[in-house]
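Note: the block below is protein_14.tsv and it holds TSV, C-alpha atoms.
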```tsv
chain	number	residue	atom	x	y	z
A	1	THR	CA	-100.88	22.62	5.87
A	2	GLU	CA	-98.65	25.64	6.02
A	3	LEU	CA	-95.96	23.48	7.64
A	4	GLY	CA	-96.16	20.96	4.77
A	5	ARG	CA	-95.81	23.73	2.17
A	6	GLU	CA	-92.78	25.13	4.02
A	7	GLN	CA	-91.21	21.66	4.16
A	8	ALA	CA	-91.75	21.26	0.40
A	9	ARG	CA	-90.17	24.69	-0.21
A	10	LEU	CA	-87.13	23.79	1.91
A	11	THR	CA	-86.89	20.45	0.12
A	12	GLY	CA	-86.81	22.29	-3.21
A	13	ILE	CA	-84.03	24.57	-1.96
A	14	ARG	CA	-81.97	21.60	-0.78
A	15	ILE	CA	-82.47	19.74	-4.05
A	16	ALA	CA	-81.40	22.86	-5.98
A	17	GLU	CA	-78.22	23.00	-3.87
A	18	MET	CA	-77.53	19.36	-4.70
A	19	VAL	CA	-78.07	19.97	-8.43
A	20	ARG	CA	-75.66	22.90	-8.42
A	21	GLY	CA	-73.20	21.20	-6.09
A	22	ALA	CA	-72.08	22.70	-2.81
A	23	GLN	CA	-69.25	25.20	-2.95
A	24	GLY	CA	-67.55	23.88	0.17
A	25	THR	CA	-64.23	25.52	0.93
A	26	ALA	CA	-63.79	24.45	4.53
A	27	GLU	CA	-60.33	23.05	5.12
A	28	GLY	CA	-60.19	19.29	5.21
A	29	THR	CA	-63.64	18.74	3.71
A	30	ASP	CA	-64.20	15.93	1.28
A	31	ASP	CA	-65.52	17.61	-1.85
A	32	SER	CA	-66.73	14.28	-3.23
A	33	VAL	CA	-69.96	14.71	-1.30
A	34	ALA	CA	-70.48	18.15	-2.79
A	35	ARG	CA	-70.34	17.37	-6.49
A	36	PRO	CA	-73.38	18.35	-8.53
A	37	VAL	CA	-75.97	15.63	-8.97
A	38	ASP	CA	-77.72	14.92	-12.23
A	39	LEU	CA	-81.44	15.41	-11.55
A	40	ARG	CA	-83.34	13.97	-14.49
A	41	ALA	CA	-87.01	14.16	-13.50
A	42	VAL	CA	-89.63	15.01	-10.92
A	43	ARG	CA	-92.32	12.32	-10.87
A	44	VAL	CA	-95.59	12.52	-8.99
A	45	SER	CA	-98.63	10.43	-8.19
A	46	GLY	CA	-102.07	11.65	-9.15
A	47	MET	CA	-103.03	12.45	-5.55
A	48	VAL	CA	-103.82	16.10	-4.80
A	49	ARG	CA	-101.32	16.61	-1.96
A	50	ALA	CA	-98.55	14.91	-3.89
A	51	VAL	CA	-99.20	17.09	-6.95
A	52	GLU	CA	-99.22	20.21	-4.75
A	53	THR	CA	-95.94	19.17	-3.09
A	54	ALA	CA	-94.29	18.38	-6.43
A	55	ASN	CA	-95.43	21.73	-7.85
A	56	ILE	CA	-93.92	23.58	-4.89
A	57	ILE	CA	-90.62	21.71	-5.25
A	58	ALA	CA	-90.55	22.28	-9.04
A	59	GLY	CA	-91.38	25.97	-8.57
A	60	VAL	CA	-88.47	26.41	-6.17
A	61	LEU	CA	-86.13	24.60	-8.58
A	62	GLU	CA	-87.19	27.02	-11.31
A	63	GLU	CA	-86.71	30.02	-8.99
A	64	GLN	CA	-83.23	28.70	-8.22
A	65	GLY	CA	-82.35	28.77	-11.93
A	66	ILE	CA	-82.82	25.11	-12.79
A	67	LYS	CA	-84.40	24.65	-16.21
A	68	LEU	CA	-87.59	22.57	-16.20
A	69	ILE	CA	-89.51	20.95	-19.02
A	70	ARG	CA	-93.05	19.99	-18.05
A	71	ASP	CA	-94.54	17.02	-19.90
A	72	GLY	CA	-96.26	18.29	-23.02
A	73	GLU	CA	-94.51	21.71	-23.09
A	74	ASP	CA	-92.02	20.61	-25.71
A	75	GLY	CA	-94.57	18.61	-27.67
A	76	GLN	CA	-93.48	15.30	-26.19
A	77	ASN	CA	-93.71	13.27	-23.05
A	78	GLY	CA	-90.22	11.93	-22.61
A	79	PRO	CA	-88.87	9.85	-19.74
A	80	GLU	CA	-86.33	12.44	-18.66
A	81	GLY	CA	-85.12	15.97	-19.19
A	82	GLY	CA	-82.58	16.76	-21.85
A	83	GLY	CA	-79.84	19.30	-22.29
A	84	GLY	CA	-79.54	19.81	-18.56
A	85	ALA	CA	-83.27	20.35	-18.09
A	86	VAL	CA	-85.30	18.49	-15.48
A	87	ARG	CA	-88.47	16.88	-16.78
A	88	VAL	CA	-91.53	17.43	-14.60
A	89	ALA	CA	-93.80	14.49	-15.35
A	90	ARG	CA	-97.57	14.42	-15.30
A	91	GLY	CA	-99.22	12.60	-12.43
A	92	ASP	CA	-99.07	8.82	-12.58
A	93	SER	CA	-101.88	7.02	-10.74
A	94	ASP	CA	-99.68	3.92	-10.40
A	95	LEU	CA	-97.73	5.95	-7.80
A	96	ASN	CA	-100.86	6.66	-5.74
A	97	GLU	CA	-100.64	5.36	-2.21
A	98	GLY	CA	-102.18	2.04	-1.43
A	99	ARG	CA	-101.47	-1.22	0.31
A	100	PRO	CA	-98.96	-3.08	-1.91
A	101	ALA	CA	-98.25	-5.94	0.49
A	102	HIS	CA	-99.43	-7.57	3.69
A	103	THR	CA	-97.92	-6.25	6.90
A	104	VAL	CA	-95.34	-8.35	8.70
A	105	PRO	CA	-95.62	-9.82	11.21
A	106	THR	CA	-99.06	-10.81	10.18
A	107	GLY	CA	-101.89	-10.71	12.57
A	108	LYS	CA	-105.50	-11.40	11.94
A	109	VAL	CA	-106.19	-10.20	8.41
A	110	GLY	CA	-109.69	-9.46	7.25
A	111	SER	CA	-111.01	-10.11	3.77
A	112	SER	CA	-111.17	-6.36	3.02
A	113	THR	CA	-107.41	-6.08	3.68
A	114	ILE	CA	-106.72	-9.02	1.40
A	115	ARG	CA	-108.86	-7.46	-1.36
A	116	ARG	CA	-107.05	-4.10	-0.92
A	117	VAL	CA	-103.64	-5.77	-1.32
A	118	ASP	CA	-104.91	-7.68	-4.35
A	119	ILE	CA	-106.01	-4.39	-5.91
A	120	ASP	CA	-102.93	-2.30	-5.05
A	121	HIS	CA	-100.11	-4.81	-5.42
A	122	GLY	CA	-100.03	-5.00	-9.21
A	123	ARG	CA	-100.23	-1.23	-9.60
A	124	ALA	CA	-97.46	-0.60	-7.07
A	125	GLU	CA	-95.30	-3.30	-8.62
A	126	ALA	CA	-95.76	-1.75	-12.08
A	127	ALA	CA	-94.70	1.66	-10.74
A	128	PHE	CA	-91.67	0.17	-9.04
A	129	HIS	CA	-90.48	-1.53	-12.22
A	130	ARG	CA	-91.17	1.58	-14.29
A	131	TYR	CA	-89.25	4.04	-12.12
A	132	PHE	CA	-86.65	2.15	-10.11
A	133	TYR	CA	-83.56	0.57	-11.60
A	134	ARG	CA	-80.78	-1.28	-9.85
A	135	ALA	CA	-77.65	-1.73	-11.90
A	136	ASP	CA	-75.35	-4.65	-11.36
A	137	PRO	CA	-72.29	-3.55	-9.42
A	138	PRO	CA	-69.13	-3.17	-11.54
A	139	PRO	CA	-66.69	-6.10	-11.31
A	140	GLU	CA	-64.06	-3.88	-9.67
A	141	LEU	CA	-66.46	-3.14	-6.83
A	142	LEU	CA	-67.33	-6.79	-6.39
A	143	ALA	CA	-63.64	-7.66	-6.23
A	144	ARG	CA	-62.93	-4.87	-3.75
A	145	TYR	CA	-65.53	-6.03	-1.28
A	146	ALA	CA	-65.19	-9.76	-1.82
A	147	THR	CA	-64.31	-11.77	1.23
A	148	ALA	CA	-62.56	-15.10	1.56
A	149	GLY	CA	-65.93	-16.68	2.32
A	150	ASN	CA	-67.41	-15.28	-0.87
A	151	ALA	CA	-65.04	-16.50	-3.56
A	152	THR	CA	-67.70	-16.25	-6.25
A	153	ALA	CA	-67.35	-12.47	-6.17
A	154	LEU	CA	-63.60	-12.60	-6.80
A	155	PRO	CA	-62.26	-12.31	-10.33
A	156	PRO	CA	-60.56	-15.42	-11.68
A	157	ALA	CA	-56.87	-15.59	-10.80
A	158	ASP	CA	-54.73	-17.00	-13.60
A	159	ASP	CA	-51.72	-17.33	-11.32
A	160	ALA	CA	-53.45	-18.51	-8.13
A	161	ASP	CA	-51.04	-21.44	-7.69
A	162	ASP	CA	-47.92	-19.42	-8.51
A	163	ALA	CA	-45.95	-18.82	-5.32
A	164	THR	CA	-44.13	-15.89	-6.95
A	165	ALA	CA	-47.31	-13.95	-7.63
A	166	PRO	CA	-47.30	-10.60	-5.87
A	167	ALA	CA	-49.39	-10.35	-2.74
A	168	PRO	CA	-52.56	-8.31	-3.09
A	169	SER	CA	-52.17	-4.71	-2.01
A	170	ALA	CA	-53.65	-3.79	1.36
A	171	GLU	CA	-55.00	-0.60	-0.20
A	172	PRO	CA	-57.58	-1.11	-2.94
A	173	ASP	CA	-57.10	0.70	-6.20
A	174	PRO	CA	-59.20	3.84	-6.24
A	175	LEU	CA	-62.29	3.55	-8.35
A	176	PRO	CA	-63.50	6.45	-10.45
A	177	PRO	CA	-66.22	8.40	-8.71
A	178	PRO	CA	-69.66	7.04	-9.57
A	179	ARG	CA	-71.95	9.09	-11.76
A	180	HIS	CA	-75.42	9.07	-10.34
A	181	GLU	CA	-78.65	10.19	-11.89
A	182	PHE	CA	-81.55	11.11	-9.62
A	183	GLU	CA	-85.29	11.39	-9.97
A	184	ILE	CA	-87.59	12.88	-7.35
A	185	VAL	CA	-90.73	10.80	-6.72
A	186	VAL	CA	-93.53	12.50	-4.77
A	187	CYS	CA	-96.30	10.08	-3.96
A	188	HIS	CA	-97.68	10.74	-0.47
A	189	GLY	CA	-101.35	11.25	0.11
A	190	ASN	CA	-101.74	11.78	3.82
```
Output the file's structure in the form of structure tokens.
Amino acid sequence: TELGREQARLTGIRIAEMVRGAQGTAEGTDDSVARPVDLRAVRVSGMVRAVETANIIAGVLEEQGIKLIRDGEDGQNGPEGGGGAVRVARGDSDLNEGRPAHTVPTGKVGSSTIRRVDIDHGRAEAAFHRYFYRADPPPELLARYATAGNATALPPADDADDATAPAPSAEPDPLPPPRHEFEIVVCHGN
């Protein structure tokens, strides 16, 4: 619909702002939320509406001065952009919508629903493992958020029995700002 195309255009504008980083100058603002993000790729399912939405978003990114490399343009199909470019991937049917799991709470489930989950689950699981990554938290972060009831997250203390050991600071040591990489995944079909 026209509304959907406008929403995709506005999404592209907002993503471009995030890639460039906001130029906030308001007094008292925390500029850590306005740092540029590292957008590596735009991924899309093979469904027509998803491809159309991804093309609108990518077109806006290009209009906003963000360099794109479409799969195949540079003679290769790499997993991500390089040299500051955002890779726009070809459609991946594993991202097509489907029914990857049974609904909870379960009600009466017909055999057609069970077959649909059996068909879609493996494909959706493959897409998830291909495109989503969860890093282990750094030890400093685990230590910062560890509680007395969760001693396994605390680093070993060599001087735990030493009464002269300094008390832990009430203020945690500042951690370096995280460096995030982002990928846009467009996979809707309805």
### Nearby residues (only C-alpha atoms) at most 12 Å from Thr1 of chain A, same-chain spacing under 6 positions excluded, as a list in words
Gln7, Ala8, Arg49, Glu52, Thr53 and Asn190 of chain A
Can you tell me, as lines of an AutoDock Vina configuration file, the centre and edge lengths (Å, one decimal) of the axis-aligned box enclosing all of segment 123-141 of chain A's listed atoms after padding each side by 5 Å?
```
center_x = -82.1
center_y = -1.0
center_z = -10.6
size_x = 46.2
size_y = 20.1
size_z = 17.5
```
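Nearest to Gly122 of chain A of all the residues A:Glu2, A:Asp94, A:Glu183, A:Glu17 is A:Asp94, based on all atoms listed in the file.
Closest approach to Ala126 of chain A among A:Asn55, A:Thr11, A:Ser93, A:Gln64 is made by A:Ser93 (distances from all atoms listed in the file).
Using only C-alpha atoms, the smallest distance between any of A:Ile184, A:Leu141, A:Asp118, A:Ala124 and Ala58 of chain A comes from A:Ile184.
Here atom CA of Arg35 of chain A stands at a distance of 7.7 Å from atom CA of Met18 of chain A.
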Give as a compact mmCIF listing (two decimals) with C-alpha atoms, in the coordinates of the input each residue that has an atom at most 10 Å from (-85.9, 29.0, -1.8) in the file, counting all atoms listed in the file.
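The resulting out-v5.txt:
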```
# COMPACT_ATOMS: atom_id res chain seq x y z
CA GLU A 6 -92.78 25.13 4.02
CA ALA A 8 -91.75 21.26 0.40
CA ARG A 9 -90.17 24.69 -0.21
CA LEU A 10 -87.13 23.79 1.91
CA THR A 11 -86.89 20.45 0.12
CA GLY A 12 -86.81 22.29 -3.21
CA ILE A 13 -84.03 24.57 -1.96
CA ARG A 14 -81.97 21.60 -0.78
CA ALA A 16 -81.40 22.86 -5.98
CA GLU A 17 -78.22 23.00 -3.87
CA ILE A 57 -90.62 21.71 -5.25
CA GLY A 59 -91.38 25.97 -8.57
CA VAL A 60 -88.47 26.41 -6.17
CA LEU A 61 -86.13 24.60 -8.58
CA GLU A 62 -87.19 27.02 -11.31
CA GLU A 63 -86.71 30.02 -8.99
CA GLN A 64 -83.23 28.70 -8.22
```
## Note on the structure
Atom pair atom CA of Leu39 of chain A + atom CA of Phe132 of chain A, distance 14.3 Å
### Summary
re atom CA of Arg130 of chain A and atom CA of Gly65 of chain A: distance 28.7 Å
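Take the candidates A:Gly4, A:Val186, A:Val88, A:Leu68 and check each one against Met47 of chain A using only C-alpha atoms; the shortest distance goes to A:Val186.
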### Task
Up to 7 Å from (-101.1, 16.3, -12.7) in the file's coordinates: name the residues, counting all atoms listed in the file, as a ChimeraX atom specification.
/A:46,51,90-91
